[in-house]
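Trainee: Input model-v1.json, format and content: JSON, C-alpha atoms and all ligand atoms.
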```
[["chain", "number", "residue", "atom", "x", "y", "z"],
["N", 1, "MET", "CA", 0.00, 0.00, 0.00],
["N", 2, "THR", "CA", 2.68, 2.43, 1.07],
["N", 3, "SER", "CA", 4.82, 1.60, -1.92],
["N", 4, "THR", "CA", 1.85, 2.13, -4.25],
["N", 5, "MET", "CA", 1.29, 5.50, -2.66],
["N", 6, "ALA", "CA", 4.96, 6.36, -2.95],
["N", 7, "SER", "CA", 5.18, 5.39, -6.61],
["N", 8, "ARG", "CA", 2.03, 7.32, -7.27],
["N", 9, "THR", "CA", 3.48, 10.37, -5.61],
["N", 10, "SER", "CA", 6.66, 10.10, -7.63],
["N", 11, "THR", "CA", 4.62, 9.70, -10.83],
["N", 12, "ARG", "CA", 2.66, 12.80, -9.93],
["N", 13, "SER", "CA", 5.79, 14.86, -9.50],
["N", 14, "ARG", "CA", 6.89, 14.01, -13.03],
["N", 15, "GLY", "CA", 5.17, 17.10, -14.35],
["N", 16, "ASP", "CA", 7.76, 19.36, -12.69],
["N", 17, "GLY", "CA", 5.07, 21.97, -12.33],
["N", 18, "GLU", "CA", 4.59, 22.13, -16.11],
["N", 19, "LYS", "CA", 1.03, 22.51, -17.27],
["N", 20, "TYR", "CA", -0.34, 21.24, -20.56],
["N", 21, "THR", "CA", -3.29, 22.89, -22.28],
["N", 22, "VAL", "CA", -5.30, 20.85, -24.78],
["N", 23, "LEU", "CA", -7.13, 22.90, -27.39],
["N", 24, "LEU", "CA", -10.16, 20.95, -28.56],
["N", 25, "PRO", "CA", -12.07, 22.63, -31.39],
["N", 26, "THR", "CA", -15.52, 21.15, -31.91],
["N", 27, "TYR", "CA", -18.22, 21.39, -34.51],
["N", 28, "ASN", "CA", -20.97, 18.79, -34.15],
["N", 29, "GLU", "CA", -19.02, 16.42, -31.91],
["N", 30, "ARG", "CA", -21.78, 15.59, -29.42],
["N", 31, "GLU", "CA", -21.18, 11.84, -29.65],
["N", 32, "ASN", "CA", -17.40, 12.08, -29.60],
["N", 33, "LEU", "CA", -16.76, 14.69, -26.93],
["N", 34, "PRO", "CA", -17.54, 12.64, -23.78],
["N", 35, "LEU", "CA", -15.22, 9.85, -24.88],
["N", 36, "ILE", "CA", -12.32, 12.04, -25.96],
["N", 37, "VAL", "CA", -12.53, 13.99, -22.70],
["N", 38, "TRP", "CA", -12.72, 10.80, -20.65],
["N", 39, "LEU", "CA", -9.64, 9.44, -22.43],
["N", 40, "LEU", "CA", -7.73, 12.70, -21.96],
["N", 41, "VAL", "CA", -8.53, 12.72, -18.25],
["N", 42, "LYS", "CA", -7.48, 9.08, -18.00],
["N", 43, "TYR", "CA", -4.13, 9.43, -19.76],
["N", 44, "PHE", "CA", -3.20, 12.74, -18.15],
["N", 45, "GLY", "CA", -4.26, 11.37, -14.77],
["N", 46, "GLU", "CA", -2.20, 8.20, -15.16],
["N", 47, "SER", "CA", 0.90, 10.01, -16.31],
["N", 48, "GLY", "CA", 0.62, 12.65, -13.61],
["N", 49, "TYR", "CA", 1.02, 15.77, -15.73],
["N", 50, "ASP", "CA", -1.03, 18.83, -14.89],
["N", 51, "TYR", "CA", -3.48, 19.78, -17.63],
["N", 52, "GLU", "CA", -6.54, 21.72, -18.74],
["N", 53, "ILE", "CA", -8.83, 21.11, -21.69],
["N", 54, "ILE", "CA", -10.24, 24.10, -23.59],
["N", 55, "VAL", "CA", -13.28, 23.27, -25.70],
["N", 56, "ILE", "CA", -13.83, 25.77, -28.50],
["N", 57, "ASP", "CA", -17.28, 25.05, -29.86],
["N", 58, "ASP", "CA", -18.53, 27.06, -32.81],
["N", 59, "GLY", "CA", -22.27, 27.05, -32.17],
["N", 60, "SER", "CA", -22.71, 23.39, -33.12],
["N", 61, "PRO", "CA", -26.36, 22.76, -33.97],
["N", 62, "ASP", "CA", -26.17, 19.24, -32.48],
["N", 63, "GLY", "CA", -25.80, 20.53, -28.91],
["N", 64, "THR", "CA", -22.09, 19.86, -28.42],
["N", 65, "LEU", "CA", -21.84, 22.83, -26.06],
["N", 66, "GLU", "CA", -24.51, 21.43, -23.73],
["N", 67, "VAL", "CA", -22.56, 18.17, -23.56],
["N", 68, "ALA", "CA", -19.39, 20.16, -22.81],
["N", 69, "GLU", "CA", -21.19, 21.95, -19.97],
["N", 70, "GLN", "CA", -22.14, 18.59, -18.47],
["N", 71, "LEU", "CA", -18.54, 17.43, -18.74],
["N", 72, "GLN", "CA", -17.39, 20.59, -16.99],
["N", 73, "LYS", "CA", -19.70, 19.73, -14.09],
["N", 74, "ILE", "CA", -18.26, 16.23, -13.91],
["N", 75, "TYR", "CA", -14.55, 17.02, -14.19],
["N", 76, "GLY", "CA", -14.43, 20.55, -12.77],
["N", 77, "GLU", "CA", -14.05, 24.07, -14.09],
["N", 78, "ASP", "CA", -10.28, 24.00, -13.63],
["N", 79, "LYS", "CA", -9.98, 21.02, -15.96],
["N", 80, "ILE", "CA", -12.62, 21.77, -18.60],
["N", 81, "LEU", "CA", -12.80, 25.34, -19.87],
["N", 82, "LEU", "CA", -15.44, 26.43, -22.34],
["N", 83, "ARG", "CA", -14.59, 29.14, -24.84],
["N", 84, "PRO", "CA", -17.44, 28.95, -27.34],
["N", 85, "ARG", "CA", -18.02, 31.18, -30.33],
["N", 86, "ALA", "CA", -21.39, 32.02, -31.82],
["N", 87, "LYS", "CA", -20.90, 30.45, -35.23],
["N", 88, "LYS", "CA", -18.63, 28.28, -37.33],
["N", 89, "LEU", "CA", -15.58, 30.43, -37.99],
["N", 90, "GLY", "CA", -13.06, 27.76, -38.98],
["N", 91, "LEU", "CA", -10.37, 25.66, -37.38],
["N", 92, "GLY", "CA", -7.45, 28.08, -37.66],
["N", 93, "THR", "CA", -9.20, 30.92, -35.86],
["N", 94, "ALA", "CA", -10.54, 28.45, -33.28],
["N", 95, "TYR", "CA", -6.94, 27.81, -32.20],
["N", 96, "ILE", "CA", -6.18, 31.53, -32.11],
["N", 97, "HIS", "CA", -9.23, 32.05, -29.93],
["N", 98, "GLY", "CA", -8.43, 29.11, -27.66],
["N", 99, "ILE", "CA", -4.78, 29.93, -27.07],
["N", 100, "LYS", "CA", -5.71, 33.33, -25.63],
["N", 101, "HIS", "CA", -7.28, 31.55, -22.70],
["N", 102, "ALA", "CA", -4.60, 28.89, -22.20],
["N", 103, "THR", "CA", -2.66, 28.87, -18.94],
["N", 104, "GLY", "CA", -0.31, 25.98, -19.78],
["N", 105, "SER", "CA", 3.28, 26.49, -20.87],
["N", 106, "PHE", "CA", 2.76, 23.72, -23.43],
["N", 107, "ILE", "CA", -0.16, 23.38, -25.80],
["N", 108, "PHE", "CA", -1.59, 20.30, -27.46],
["N", 109, "ILE", "CA", -3.76, 20.70, -30.49],
["N", 110, "MET", "CA", -5.82, 17.73, -31.60],
["N", 111, "ASP", "CA", -9.12, 16.83, -33.22],
["N", 112, "ALA", "CA", -12.12, 15.98, -31.04],
["N", 113, "ASP", "CA", -13.49, 13.22, -33.31],
["N", 114, "LEU", "CA", -11.32, 10.41, -31.86],
["N", 115, "SER", "CA", -9.06, 10.36, -34.90],
["N", 116, "HIS", "CA", -6.28, 11.35, -32.52],
["N", 117, "HIS", "CA", -5.99, 8.98, -29.57],
["N", 118, "PRO", "CA", -5.06, 10.53, -26.21],
["N", 119, "LYS", "CA", -2.98, 7.43, -25.42],
["N", 120, "PHE", "CA", -0.16, 9.08, -27.42],
["N", 121, "ILE", "CA", -0.05, 12.12, -25.14],
["N", 122, "PRO", "CA", 2.64, 10.79, -22.76],
["N", 123, "GLU", "CA", 4.81, 9.93, -25.77],
["N", 124, "PHE", "CA", 4.53, 13.49, -27.10],
["N", 125, "ILE", "CA", 5.54, 14.84, -23.70],
["N", 126, "GLU", "CA", 8.48, 12.48, -23.35],
["N", 127, "LYS", "CA", 9.67, 13.23, -26.86],
["N", 128, "GLN", "CA", 9.47, 16.96, -26.17],
["N", 129, "LYS", "CA", 11.56, 16.60, -23.01],
["N", 130, "GLU", "CA", 14.06, 14.31, -24.74],
["N", 131, "GLY", "CA", 15.29, 17.02, -27.11],
["N", 132, "ASP", "CA", 13.68, 20.09, -25.54],
["N", 133, "TYR", "CA", 11.86, 20.37, -28.88],
["N", 134, "ASP", "CA", 9.94, 23.51, -29.75],
["N", 135, "LEU", "CA", 7.25, 21.36, -31.24],
["N", 136, "VAL", "CA", 6.44, 17.68, -31.49],
["N", 137, "SER", "CA", 4.36, 16.56, -34.43],
["N", 138, "GLY", "CA", 2.39, 13.33, -34.61],
["N", 139, "THR", "CA", 3.23, 11.50, -37.80],
["N", 140, "ARG", "CA", 1.28, 8.88, -39.70],
["N", 141, "TYR", "CA", 4.15, 8.26, -42.05],
["N", 142, "GLN", "CA", 7.01, 7.12, -39.80],
["N", 143, "GLY", "CA", 7.69, 4.18, -37.51],
["N", 144, "ASP", "CA", 4.50, 2.54, -36.27],
["N", 145, "GLY", "CA", 2.37, 5.42, -37.49],
["N", 146, "GLY", "CA", -0.49, 4.77, -39.88],
["N", 147, "VAL", "CA", -4.00, 5.44, -41.08],
["N", 148, "TYR", "CA", -6.86, 3.13, -40.13],
["N", 149, "GLY", "CA", -10.58, 2.84, -40.56],
["N", 150, "TRP", "CA", -10.62, 2.75, -44.34],
["N", 151, "ASP", "CA", -11.20, -0.37, -46.40],
["N", 152, "LEU", "CA", -8.78, -1.19, -49.18],
["N", 153, "ARG", "CA", -11.11, -0.16, -51.96],
["N", 154, "ARG", "CA", -11.51, 3.31, -50.54],
["N", 155, "LYS", "CA", -7.82, 3.60, -50.00],
["N", 156, "LEU", "CA", -7.12, 2.72, -53.61],
["N", 157, "ILE", "CA", -9.97, 4.34, -55.48],
["N", 158, "ARG", "CA", -10.70, 8.00, -55.29],
["N", 159, "ASN", "CA", -14.38, 8.71, -55.83],
["N", 160, "LYS", "CA", -16.56, 11.67, -55.04],
["N", 161, "ARG", "CA", -17.89, 10.17, -51.84],
["N", 162, "HIS", "CA", -14.36, 9.61, -50.82],
["N", 163, "LEU", "CA", -13.35, 13.19, -51.45],
["N", 164, "ASN", "CA", -16.19, 14.43, -49.30],
["N", 165, "HIS", "CA", -15.49, 12.03, -46.53],
["N", 166, "GLY", "CA", -12.25, 13.17, -45.02],
["N", 167, "CYS", "CA", -8.77, 14.02, -45.95],
["N", 168, "ILE", "CA", -6.82, 10.82, -45.76],
["N", 169, "ASN", "CA", -5.87, 10.44, -49.39],
["N", 170, "GLN", "CA", -5.81, 14.15, -49.99],
["N", 171, "CYS", "CA", -3.48, 14.41, -47.03],
["N", 172, "ARG", "CA", -1.18, 11.78, -48.42],
["N", 173, "GLY", "CA", -1.07, 13.48, -51.83],
["N", 174, "ALA", "CA", -0.77, 16.94, -50.30],
["N", 175, "ASN", "CA", 1.99, 15.72, -48.09],
["N", 176, "PHE", "CA", 3.92, 14.28, -50.99],
["N", 177, "VAL", "CA", 3.63, 17.34, -53.23],
["N", 178, "THR", "CA", 4.73, 19.58, -50.41],
["N", 179, "GLN", "CA", 7.63, 17.34, -49.42],
["N", 180, "VAL", "CA", 8.94, 17.60, -52.95],
["N", 181, "LEU", "CA", 8.40, 21.35, -53.32],
["N", 182, "LEU", "CA", 9.35, 22.67, -49.92],
["N", 183, "ARG", "CA", 11.45, 19.99, -48.17],
["N", 184, "PRO", "CA", 10.10, 20.95, -44.78],
["N", 185, "GLY", "CA", 11.98, 18.39, -42.66],
["N", 186, "ALA", "CA", 8.93, 16.77, -41.10],
["N", 187, "SER", "CA", 7.14, 13.70, -42.38],
["N", 188, "ASP", "CA", 3.49, 14.55, -41.73],
["N", 189, "LEU", "CA", 2.64, 18.07, -42.77],
["N", 190, "THR", "CA", -1.13, 18.13, -42.77],
["N", 191, "GLY", "CA", -1.56, 16.22, -39.53],
["N", 192, "SER", "CA", -2.86, 18.21, -36.62],
["N", 193, "PHE", "CA", -1.98, 16.22, -33.52],
["N", 194, "ARG", "CA", 0.84, 18.34, -32.16],
["N", 195, "LEU", "CA", 2.46, 19.62, -29.00],
["N", 196, "TYR", "CA", 3.95, 23.12, -28.95],
["N", 197, "LYS", "CA", 5.79, 25.26, -26.50],
["N", 198, "ARG", "CA", 3.22, 27.92, -25.85],
["N", 199, "LYS", "CA", 5.39, 30.84, -26.99],
["N", 200, "VAL", "CA", 6.29, 28.99, -30.16],
["N", 201, "LEU", "CA", 2.64, 28.35, -31.01],
["N", 202, "GLU", "CA", 1.73, 31.97, -30.33],
["N", 203, "GLY", "CA", 4.52, 33.20, -32.59],
["N", 204, "LEU", "CA", 3.67, 30.78, -35.38],
["N", 205, "ILE", "CA", -0.05, 31.46, -35.30],
["N", 206, "GLU", "CA", 0.64, 35.17, -35.66],
["N", 207, "ARG", "CA", 2.72, 34.58, -38.75],
["N", 208, "CYS", "CA", 0.39, 32.15, -40.48],
["N", 209, "VAL", "CA", -1.80, 33.61, -43.16],
["N", 210, "SER", "CA", -3.81, 30.56, -44.21],
["N", 211, "LYS", "CA", -6.91, 29.65, -42.31],
["N", 212, "GLY", "CA", -8.19, 26.44, -43.89],
["N", 213, "TYR", "CA", -6.88, 23.03, -44.69],
["N", 214, "VAL", "CA", -3.36, 24.29, -45.45],
["N", 215, "PHE", "CA", -2.99, 25.86, -42.01],
["N", 216, "GLN", "CA", -1.30, 22.87, -40.34],
["N", 217, "MET", "CA", 1.17, 22.66, -43.14],
["N", 218, "GLU", "CA", 2.00, 26.34, -43.07],
["N", 219, "MET", "CA", 2.61, 26.05, -39.33],
["N", 220, "ILE", "CA", 5.24, 23.38, -39.74],
["N", 221, "ILE", "CA", 6.90, 24.96, -42.75],
["N", 222, "ARG", "CA", 7.20, 28.28, -40.95],
["N", 223, "ALA", "CA", 8.48, 26.47, -37.87],
["N", 224, "ARG", "CA", 11.30, 25.02, -39.92],
["N", 225, "GLN", "CA", 11.98, 28.37, -41.52],
["N", 226, "LEU", "CA", 12.31, 30.00, -38.08],
["N", 227, "ASP", "CA", 14.70, 27.23, -37.01],
["N", 228, "TYR", "CA", 12.42, 25.77, -34.40],
["N", 229, "SER", "CA", 13.32, 22.21, -33.49],
["N", 230, "ILE", "CA", 10.77, 19.58, -34.45],
["N", 231, "GLY", "CA", 10.38, 16.15, -32.86],
["N", 232, "GLU", "CA", 8.13, 13.45, -34.28],
["N", 233, "VAL", "CA", 6.01, 10.75, -32.66],
["N", 234, "PRO", "CA", 4.43, 7.98, -34.76],
["N", 235, "ILE", "CA", 0.65, 7.96, -34.32],
["N", 236, "SER", "CA", -2.22, 5.97, -35.70],
["N", 237, "PHE", "CA", -4.96, 8.10, -37.25],
["N", 238, "VAL", "CA", -8.40, 6.53, -37.17],
["N", 239, "ASP", "CA", -11.08, 7.97, -39.40],
["N", 240, "ARG", "CA", -14.07, 9.33, -37.54],
["N", 241, "VAL", "CA", -16.97, 7.02, -36.70],
["N", 242, "TYR", "CA", -19.58, 9.63, -35.74],
["N", 243, "GLY", "CA", -20.35, 12.67, -37.84],
["N", 244, "GLU", "CA", -18.82, 14.00, -40.99],
["N", 245, "SER", "CA", -15.56, 15.63, -41.90],
["N", 246, "LYS", "CA", -15.91, 19.38, -42.16],
["N", 247, "LEU", "CA", -13.22, 19.62, -44.78],
["N", 248, "GLY", "CA", -14.74, 19.24, -48.21],
["N", 249, "GLY", "CA", -13.90, 19.72, -51.90],
["N", 250, "ASN", "CA", -13.56, 23.50, -51.62],
["N", 251, "GLU", "CA", -10.86, 23.00, -49.07],
["N", 252, "ILE", "CA", -8.77, 21.17, -51.62],
["N", 253, "VAL", "CA", -8.86, 24.15, -53.98],
["N", 254, "SER", "CA", -7.82, 26.49, -51.19],
["N", 255, "PHE", "CA", -5.17, 24.01, -50.17],
["N", 256, "LEU", "CA", -3.60, 24.19, -53.62],
["N", 257, "LYS", "CA", -3.76, 27.98, -53.60],
["N", 258, "GLY", "CA", -2.20, 28.03, -50.15],
["N", 259, "LEU", "CA", 0.53, 25.66, -51.24],
["N", 260, "LEU", "CA", 1.44, 27.90, -54.16],
["N", 261, "THR", "CA", 1.50, 30.92, -51.86],
["N", 262, "LEU", "CA", 3.82, 29.11, -49.47],
["N", 263, "PHE", "CA", 6.00, 28.02, -52.36],
["N", 264, "ALA", "CA", 6.28, 31.59, -53.54],
["N", 265, "THR", "CA", 6.77, 33.26, -50.17],
["N", 266, "THR", "CA", 8.88, 30.96, -48.01],
["N", 301, "LIG", "N1", -14.49, 25.24, -33.42],
["N", 301, "LIG", "C1", -14.45, 24.69, -34.63],
["N", 301, "LIG", "N2", -14.78, 25.45, -35.72],
["N", 301, "LIG", "N3", -14.07, 23.41, -34.76],
["N", 301, "LIG", "C2", -14.05, 22.87, -36.01],
["N", 301, "LIG", "C3", -14.38, 23.60, -37.17],
["N", 301, "LIG", "C4", -14.77, 24.98, -36.99],
["N", 301, "LIG", "O1", -15.10, 25.71, -37.93],
["N", 301, "LIG", "N4", -14.25, 22.78, -38.24],
["N", 301, "LIG", "C5", -13.84, 21.59, -37.77],
["N", 301, "LIG", "N5", -13.72, 21.63, -36.42],
["N", 301, "LIG", "C6", -13.25, 20.58, -35.51],
["N", 301, "LIG", "C7", -13.93, 19.24, -35.62],
["N", 301, "LIG", "O2", -15.06, 19.15, -34.77],
["N", 301, "LIG", "C8", -12.80, 18.29, -35.22],
["N", 301, "LIG", "O3", -12.66, 18.21, -33.82],
["N", 301, "LIG", "C9", -11.57, 18.96, -35.80],
["N", 301, "LIG", "O4", -11.90, 20.34, -35.89],
["N", 301, "LIG", "C10", -11.14, 18.42, -37.18],
["N", 301, "LIG", "O5", -12.24, 18.48, -38.08],
["N", 301, "LIG", "P1", -12.61, 17.24, -39.04],
["N", 301, "LIG", "O6", -13.83, 17.62, -39.77],
["N", 301, "LIG", "O7", -12.64, 15.97, -38.25],
["N", 301, "LIG", "O8", -11.36, 17.28, -40.02],
["N", 301, "LIG", "P2", -10.79, 16.09, -40.95],
["N", 301, "LIG", "O9", -10.83, 14.78, -40.26],
["N", 301, "LIG", "O10", -11.41, 16.16, -42.29],
["N", 301, "LIG", "O11", -9.28, 16.56, -41.10],
["N", 301, "LIG", "C11", -8.35, 16.39, -40.02],
["N", 301, "LIG", "O12", -7.26, 15.62, -40.41],
["N", 301, "LIG", "C12", -6.44, 16.23, -41.42],
["N", 301, "LIG", "C13", -5.27, 15.35, -41.69],
["N", 301, "LIG", "O13", -5.63, 14.09, -42.12],
["N", 301, "LIG", "C14", -7.87, 17.76, -39.51],
["N", 301, "LIG", "O14", -7.11, 17.52, -38.35],
["N", 301, "LIG", "C15", -7.02, 18.48, -40.53],
["N", 301, "LIG", "O15", -6.47, 19.67, -39.95],
["N", 301, "LIG", "C16", -5.90, 17.57, -40.96],
["N", 301, "LIG", "O16", -5.18, 18.19, -42.02],
["N", 302, "MN", "MN", -11.60, 14.15, -38.55]]
```
What would you get if you wrote out this structure as structure tokens?
Ligand code: GDD
Ligand code: MN
Mentor:
Amino acid sequence: MTSTMASRTSTRSRGDGEKYTVLLPTYNERENLPLIVWLLVKYFGESGYDYEIIVIDDGSPDGTLEVAEQLQKIYGEDKILLRPRAKKLGLGTAYIHGIKHATGSFIFIMDADLSHHPKFIPEFIEKQKEGDYDLVSGTRYQGDGGVYGWDLRRKLIRNKRHLNHGCINQCRGANFVTQVLLRPGASDLTGSFRLYKRKVLEGLIERCVSKGYVFQMEMIIRARQLDYSIGEVPISFVDRVYGESKLGGNEIVSFLKGLLTLFATT
């Protein structure tokens, strides 16, 4: 008993007083939010790092915010912070809005649809400490990383339904084109499961001009340009089960425009 207590205490001190803020943007994630929050609480709790979760809901018509309010009652106002906006204003600005309220010295950004599993959180933190990296990026294209939840046919054949359904193949293509053009020095450019030093994220967000699909990529390319150090952690990306991807065909057009802009300006 005593030894369990002791080991628990030593685990709890592992955070060294560091606090981690998770920015969780949501749009119609009523079914996913309770589970992602439960998993975050579980993995942060087990690893002993101090944390807060900021939910940035953009007026989801499915009642995501009401679910978030319930979760706040369950886990406490110090752990779950709600920073809603009145309407859907896009992912990039959701991060800008969320970071203003963050009290952690490190910031995680991740999707709320369970595509990004909180079990990887301790690995991000350990990787960051290992090299004192400015940012750690989850990668689907290195080590044990990968993409799951798609049958072979959908992986091989691109059809319209496919294009509207998510960004897995687009991401792979986008990633490849960008690797060739810009040589950014990171293997997963469009992925958005990342850990940043807070100051680094603030600085990068200020510099980034794109707001849509290309935003994650611009962040990492500018990070490299500014000589920030980048660590990578292999992650599995599971396509969402509930709800639909909010990134559609139009996003691909703006992605290409954004890519050209980056190519011309960086
Ligand atoms: N607050 C807010 N406002 N949240 C939003 C908005 C918005 O306008 N649009 C989307 N979200 C939230 C979703 O609820 C989800 O938690 C997260 O942002 C990602 O949205 P998805 O709709 O699940 O995106 P995706 O799966 O197509 O694309 C994801 O993977 C790509 C790489 O494969 C995103 O992470 C992309 O950034 C990434 O490039
Ligand atoms: Mn998704």
Trainee: Range 141-147 of chain N: which residues within 7 Å, counting only C-alpha atoms, same-chain residues fewer than 5 positions away excluded, as a ChimeraX atom specification?
Mentor: /N:187-188,234-238
Trainee: Any chance you could export the current selection's C-alpha atoms as a short mmCIF file (atom, residue, chain, number, x, y, z; two decimals), keeping the file's coordinate frame?
Mentor:
```
data_model
loop_
_atom_site.label_atom_id
_atom_site.label_comp_id
_atom_site.auth_asym_id
_atom_site.auth_seq_id
_atom_site.Cartn_x
_atom_site.Cartn_y
_atom_site.Cartn_z
CA SER N 187 7.14 13.70 -42.38
CA ASP N 188 3.49 14.55 -41.73
CA PRO N 234 4.43 7.98 -34.76
CA ILE N 235 0.65 7.96 -34.32
CA SER N 236 -2.22 5.97 -35.70
CA PHE N 237 -4.96 8.10 -37.25
CA VAL N 238 -8.40 6.53 -37.17
#
```
Trainee: Applying 8 Å and all atoms listed in the file, which residues near range 97-113 of chain N remain after dropping the ones on its own chain fewer than 5 positions away? List them as a ChimeraX atom specification.
Mentor: /N:18-26,29,32-33,36,51-52,54-56,83,192-199,201-202,240-242
Trainee: From the list N:Glu130, N:Ser47, N:Ser115, N:Leu82, which residue is nearest Ser245 in chain N when using all atoms listed in the file?
Mentor: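 Among the listed residues, N:Ser115 lies closest to Ser245 in chain N.
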Trainee: Take CA of Gly131 in chain N and CA of Ile230 in chain N and report the distance between them in Å, one decimal.
Mentor: 9.0 Å
Trainee: Report, in Å to a single decimal, how far apart CA of Asp62 in chain N and atom O14 of ligand LIG 301 (chain N) are.
Mentor: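 Taking atom O14 of ligand LIG 301 (chain N) and CA of Asp62 in chain N, their separation equals 20.0 Å.
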Trainee: Suppose you want the space between CA of Thr64 in chain N and CA of Arg30 in chain N; what is it in Å?
Mentor: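 The value is 4.4 Å.
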Trainee: Under the rule that all atoms listed in the file are counted, which of N:Leu226, N:Ile205, N:Arg140, N:Leu65 is the nearest residue to Leu189 in chain N?
Mentor: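 Smallest distance to Leu189 in chain N is found for N:Arg140.
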Trainee: Using all atoms listed in the file, which residue out of N:Gln72, N:Gln225, N:Gln128, N:Gln216 lies closest to Gly191 in chain N?
Mentor: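 Ranked by minimum distance to Gly191 in chain N, first place goes to N:Gln216.
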Trainee: Find the spatial neighbours of range 40-45 of chain N, counting only C-alpha atoms, within a cut-off of 9 Å - ignore same-chain residues fewer than 3 positions away - and output them as a PyMOL selection string.
Mentor: chain N and resi 12+22+35-37+48-51+53+75+79+117-122
Trainee: At a cut-off of 6 Å around the point (12.7, 20.1, -31.1) (file coordinates), what residues fall inside when counting all atoms listed in the file? I'd like the answer as number ranges by chain.
Mentor: N: 131-135, 229-231
Trainee: Check the smallest atom-to-atom distance from each of N:Phe255, N:Trp38, N:Tyr27, N:Tyr228 to Ala94 in chain N using only C-alpha atoms, then report the winner.
Mentor: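 The shortest atom-to-atom distance to Ala94 in chain N comes from N:Tyr27.
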Trainee: Between N:Glu232, N:Ser254, N:Glu244, N:Leu81, which has the minimum distance to ligand MN 302 (chain N) (counting all atoms listed in the file)?
Mentor: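 Distance minimum relative to ligand MN 302 (chain N) lands on N:Glu244.
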Trainee: Of the candidates N:Gln179, N:Thr190, N:Gln70, N:Thr93, which shows the shortest atom-to-atom distance to ligand MN 302 (chain N), using all atoms listed in the file?
Mentor: N:Thr190
